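*Asks:* My questions will all concern the structure given below.
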Amino acid sequence: MDGIVTDVAVGVKRGSDELLSSSLYNSPNSSMSGMVVTANGNDNKKLRVEDRMDCAPSRVLHIRKLPNEVSETEVIALGLPFGKVTNILMLKGKNQAFLELGSEEAAITMVNYYTAVTPHVRNVPVFIQYSNHKELKTDSALNQRAQAVLQAVTAVQSASTPISGTAVSECALTPAQSPVLRIIIDNMFYPVTLDVLQQIFSKFGTVMKIITFTKNNQFQALLQFSDPMNAQQAKLALDGQNIYNACCTLRIDFSKLVNLNVKYNNDKSRDYTRPELPAGDGQPAMDPSVTAAFNKDSSLLGTPSGMVSPYSSGGAFSSSLSFGQTGGALSPLSAAAAAAAAAGRVALSGVSHSNSGVLLVSNLNEEMVTPQSLFTLFGVYGDAQRVKILYNKKDSALIQMADGNQAQLAMSHLNGQKMYGKIIRVTLSKHQTVQLPREGLDDQGLTKDFTNSPLHRFKKPGSKNFQNIFPPSATLHLSNIPQTITEEDLRTLFENSGGTVKAFKFFQDHKMALLQMSTVEEAIQALIDLHNYNLGDNHHLRVSFSKSTI
């Protein structure tokens with residue numbers, strides 16, 4: 001290996017905020033060559049590395065300027081996010097290694113990615129380029145340790161292949177240090193989204209993949225760094241911290257996985273190394289304008305906007321996260337804005353309409369929708385003040401919530417849900433208020449003022465309703481049930497709304513129950529139809545979405 005020439009560095013130093021740089025999107029296709037080279041301890045001099053600029057793509061990559069104590073696992077971790085690693089040759093005396101990937105395409109993706117984002121191992125920048133060899137054949141007797149590590153990692157990687165979207169399982173093998181963190185959010189008062197996590201964790205290194213899911217009725221995420229050291233630093237710095245004032249506490253552990261397999265780029269999972277992935281059925285894709293917004297340093301993780309936290313009289317808590325020169329914890333308003341932006345729901349260049357509490361809802365079923373039905377559904381996430389179905393476009397409506405935070409919450413939970421058989425779109429409106437029709441003007445009942453409605457869920461400060469805001473789910477929570485009402489009565493009532501009741505369970509006091517419909521759409525319909533339904537004896541049924549299952 002004495003003949004190695006100094007070559008052009010692949011990486012150009014950039015900040016982690018440029019993760020979604022346009023240079024990631026270039027993935028030239030090359031056909032694979034079958035040339036074989038022998039590379040072992042006795043034959044190292046045959047491996048001559050050429051300039052990346054002169055070298056054709058190859059599935060064998062040459063990695064230089066590695067730190068002295070680097071392990072095989074750490075080198076393999078550089079390649080794992082891009083596909084299967086099939087061989088490795090460590091040249092520790094020269095601080096170099098050769099890594100063979102399962103396909104040339106995977107190698108091209110890896111080199112393109114690390115052209116945009118300089119790879120680091122143990123906080124040391126390393127250099128990656130194509131080798132002029134097409135295959136790596138190592139003498140197993142001289143390379144036993146590296147082969148053993150590769151086999152162990154391959155076993156873990158193959159065991160982790162079911163990981164995709166929200167179906168998550170973890171395997172038993174634990175590498176010495178994984179680049180994947182398992183994150184649990186406790187006390188999740190405000191929405192925490194994939195993009196919020198990316199913003200927070202990218203301060204510690206390059207975030208390559210994220211999968212979010214719900215397990216044991218808790219919001220969780222798996223987040224993969226490019227380097228296990230970055231994962232360790234993020235865990236040490238962030239474990240136990242609050243994302244927002246006095247809530248959304250991070251609980252962080254190393255995952256048993258060493259690589260995540262992401263199939264879709266949407267608001268539940270994201271592979272930043274493969275922007276071409278599909279969004280998946282019914283999932284909003286990542287909007288390019290949102291990508292641009294999150295690349296800007298005017299990020300949503302900035303100075304609090306003075307919003308009052310759920311458990312305080314205002315002001316930032318010292319235990320909340322603050323980064324570098326930003327002013328402190330995320331405000332609730334910014335949190336909701338991030339939630340909205342996460343799924344491509346609104347283009348942000350800052351938070352231009354963040355103070356507006358008015359939403360624009362489109363793709364409604366104009367034959368079925370009414371101001372009352374919109375009031376009931378959106379009222380799950382805030383106090384809807386006014387609703388106007390547009391006179392000249394009756395598949396669209398404006399809904400004025402009590403404040404911008406409630407509007408963001410409603411948008412983040414209801415955009416993309418099905419109402420009366422149609423997938424509705426929810427965005428922030430440019431309007432600051434919803435105008436009532438002039439006195440004496442008949443607008444066919446398309447506008448309704450709910451300002452003084454007794455059905456608002458969030459009027460009372462400190463109400464328990466603030467702690468029970470959950471995404472639409474097939475399981476509904478029922479309360480205010482009179483003693484005379486039986487399970488059969490409630491099953492019949494909910495099946496008459498046009499769905500199938502799959503399961504039912506009374507709470508011990510018989511005043512509350514859980515009821516599971518067969519789909520989320522059926523549950524939404526049942527909530528619209530039956531919230532505030534008079535069960536007799538002045539008992540009006542209260543219906544909300546539940547995080548529990550039966």
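The way I read the labels, and the way they are meant: chains A, B, ... in the order of the structure tokens, residue 1 as the first residue of every chain, and ligand 1 as the first ligand shown, with later ones counted on from there.
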Listing only residues of region 108-130 of chain A within 12 Å of region 82-88 of chain A, what is the closest atom pair and its distance in Å (to one decimal) for each, using only C-alpha atoms, sorted by chain and residue number ascending, as JSON lines?

*Replies:*
{"residue": "A:Ile108", "atom": "CA", "partner": "A:Phe82", "partner_atom": "CA", "distance": 9.3}
{"residue": "A:Thr109", "atom": "CA", "partner": "A:Phe82", "partner_atom": "CA", "distance": 6.8}
{"residue": "A:Met110", "atom": "CA", "partner": "A:Phe82", "partner_atom": "CA", "distance": 6.0}
{"residue": "A:Val111", "atom": "CA", "partner": "A:Phe82", "partner_atom": "CA", "distance": 9.8}
{"residue": "A:Asn112", "atom": "CA", "partner": "A:Phe82", "partner_atom": "CA", "distance": 10.9}
{"residue": "A:Tyr113", "atom": "CA", "partner": "A:Phe82", "partner_atom": "CA", "distance": 9.4}
{"residue": "A:Tyr114", "atom": "CA", "partner": "A:Phe82", "partner_atom": "CA", "distance": 11.1}

*Asks:* Can you pull out the residues contacting Ala407 (chain A)? Cut-off 8 Å, using only C-alpha atoms, and skip same-chain residues under 3 positions away; I want them as a PyMOL selection string.

*Replies:* chain A and resi 356-359+381-382+400-404+410-411+428

*Asks:* Within 12 Å of Ala513 (chain A), counting only C-alpha atoms, which residues qualify if same-chain residues fewer than 6 places away don't, as an MDAnalysis selection string?

*Replies:* chainID A and resid 475:483 485:487 490:491 503:507 541:546 548:550

*Asks:* What is the distance, in Å and to one decimal place, between CA of Phe225 (chain A) and CA of Gly205 (chain A)?

*Replies:*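 Distance between the two atoms: 6.7 Å.
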
*Asks:* Name the residues in contact with Ile183 (chain A) at a cut-off of 8 Å, using only C-alpha atoms, excluding same-chain residues fewer than 3 positions from it; report them as a count of residues only.

*Replies:* 8

*Asks:* I need the residue nearest Gln199 (chain A) from this list: A:Lys511, A:Ser373, A:Ile243, A:Ile469. Use only C-alpha atoms for the distance.

*Replies:*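 The shortest atom-to-atom distance to Gln199 (chain A) comes from A:Ile243.
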
*Asks:* Would you pick out the contacts of Arg64 (chain A) at 8 Å or less, using only C-alpha atoms, so that residues sharing its chain but fewer than 3 positions from it are not included, and give the list as a PyMOL selection string?

*Replies:* chain A and resi 95-97+126-128

*Asks:* Hey, can you check how far CA of Asp195 (chain A) sits from CA of Ser269 (chain A)?

*Replies:* 10.0 Å

*Asks:* As an exercise, work out the distance from CA of Asn187 (chain A) to CA of Phe378 (chain A) in Å and give it to one decimal place.

*Replies:* 22.6 Å

*Asks:* Do you know which residues are at most 6 Å from Val361 (chain A) counting only C-alpha atoms, after dropping those on the same chain fewer than 6 positions away, and could you put them as a JSON list (two decimals) with N, CA, C and O atoms, in the first residue's frame?

*Replies:*
[["chain", "number", "residue", "atom", "x", "y", "z"],
["A", 396, "SER", "N", -64.85, 23.70, 0.01],
["A", 396, "SER", "CA", -63.84, 24.36, 0.84],
["A", 396, "SER", "C", -64.51, 25.18, 1.92],
["A", 396, "SER", "O", -65.64, 25.66, 1.76],
["A", 397, "ALA", "N", -63.80, 25.33, 3.05],
["A", 397, "ALA", "CA", -64.36, 26.09, 4.17],
["A", 397, "ALA", "C", -63.24, 26.81, 4.92],
["A", 397, "ALA", "O", -62.08, 26.37, 4.91],
["A", 425, "ARG", "N", -57.82, 18.33, 3.01],
["A", 425, "ARG", "CA", -56.55, 19.05, 3.12],
["A", 425, "ARG", "C", -56.76, 20.25, 4.02],
["A", 425, "ARG", "O", -57.74, 20.99, 3.87],
["A", 426, "VAL", "N", -55.87, 20.45, 4.96],
["A", 426, "VAL", "CA", -55.99, 21.55, 5.93],
["A", 426, "VAL", "C", -54.72, 22.38, 5.88],
["A", 426, "VAL", "O", -53.62, 21.86, 6.05]]

*Asks:* Go through A:Lys430, A:His539, A:Lys137, A:Arg457 and flag the residue nearest Ala384 (chain A), using only C-alpha atoms for the distances.

*Replies:*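 Smallest distance to Ala384 (chain A) is found for A:Arg457.
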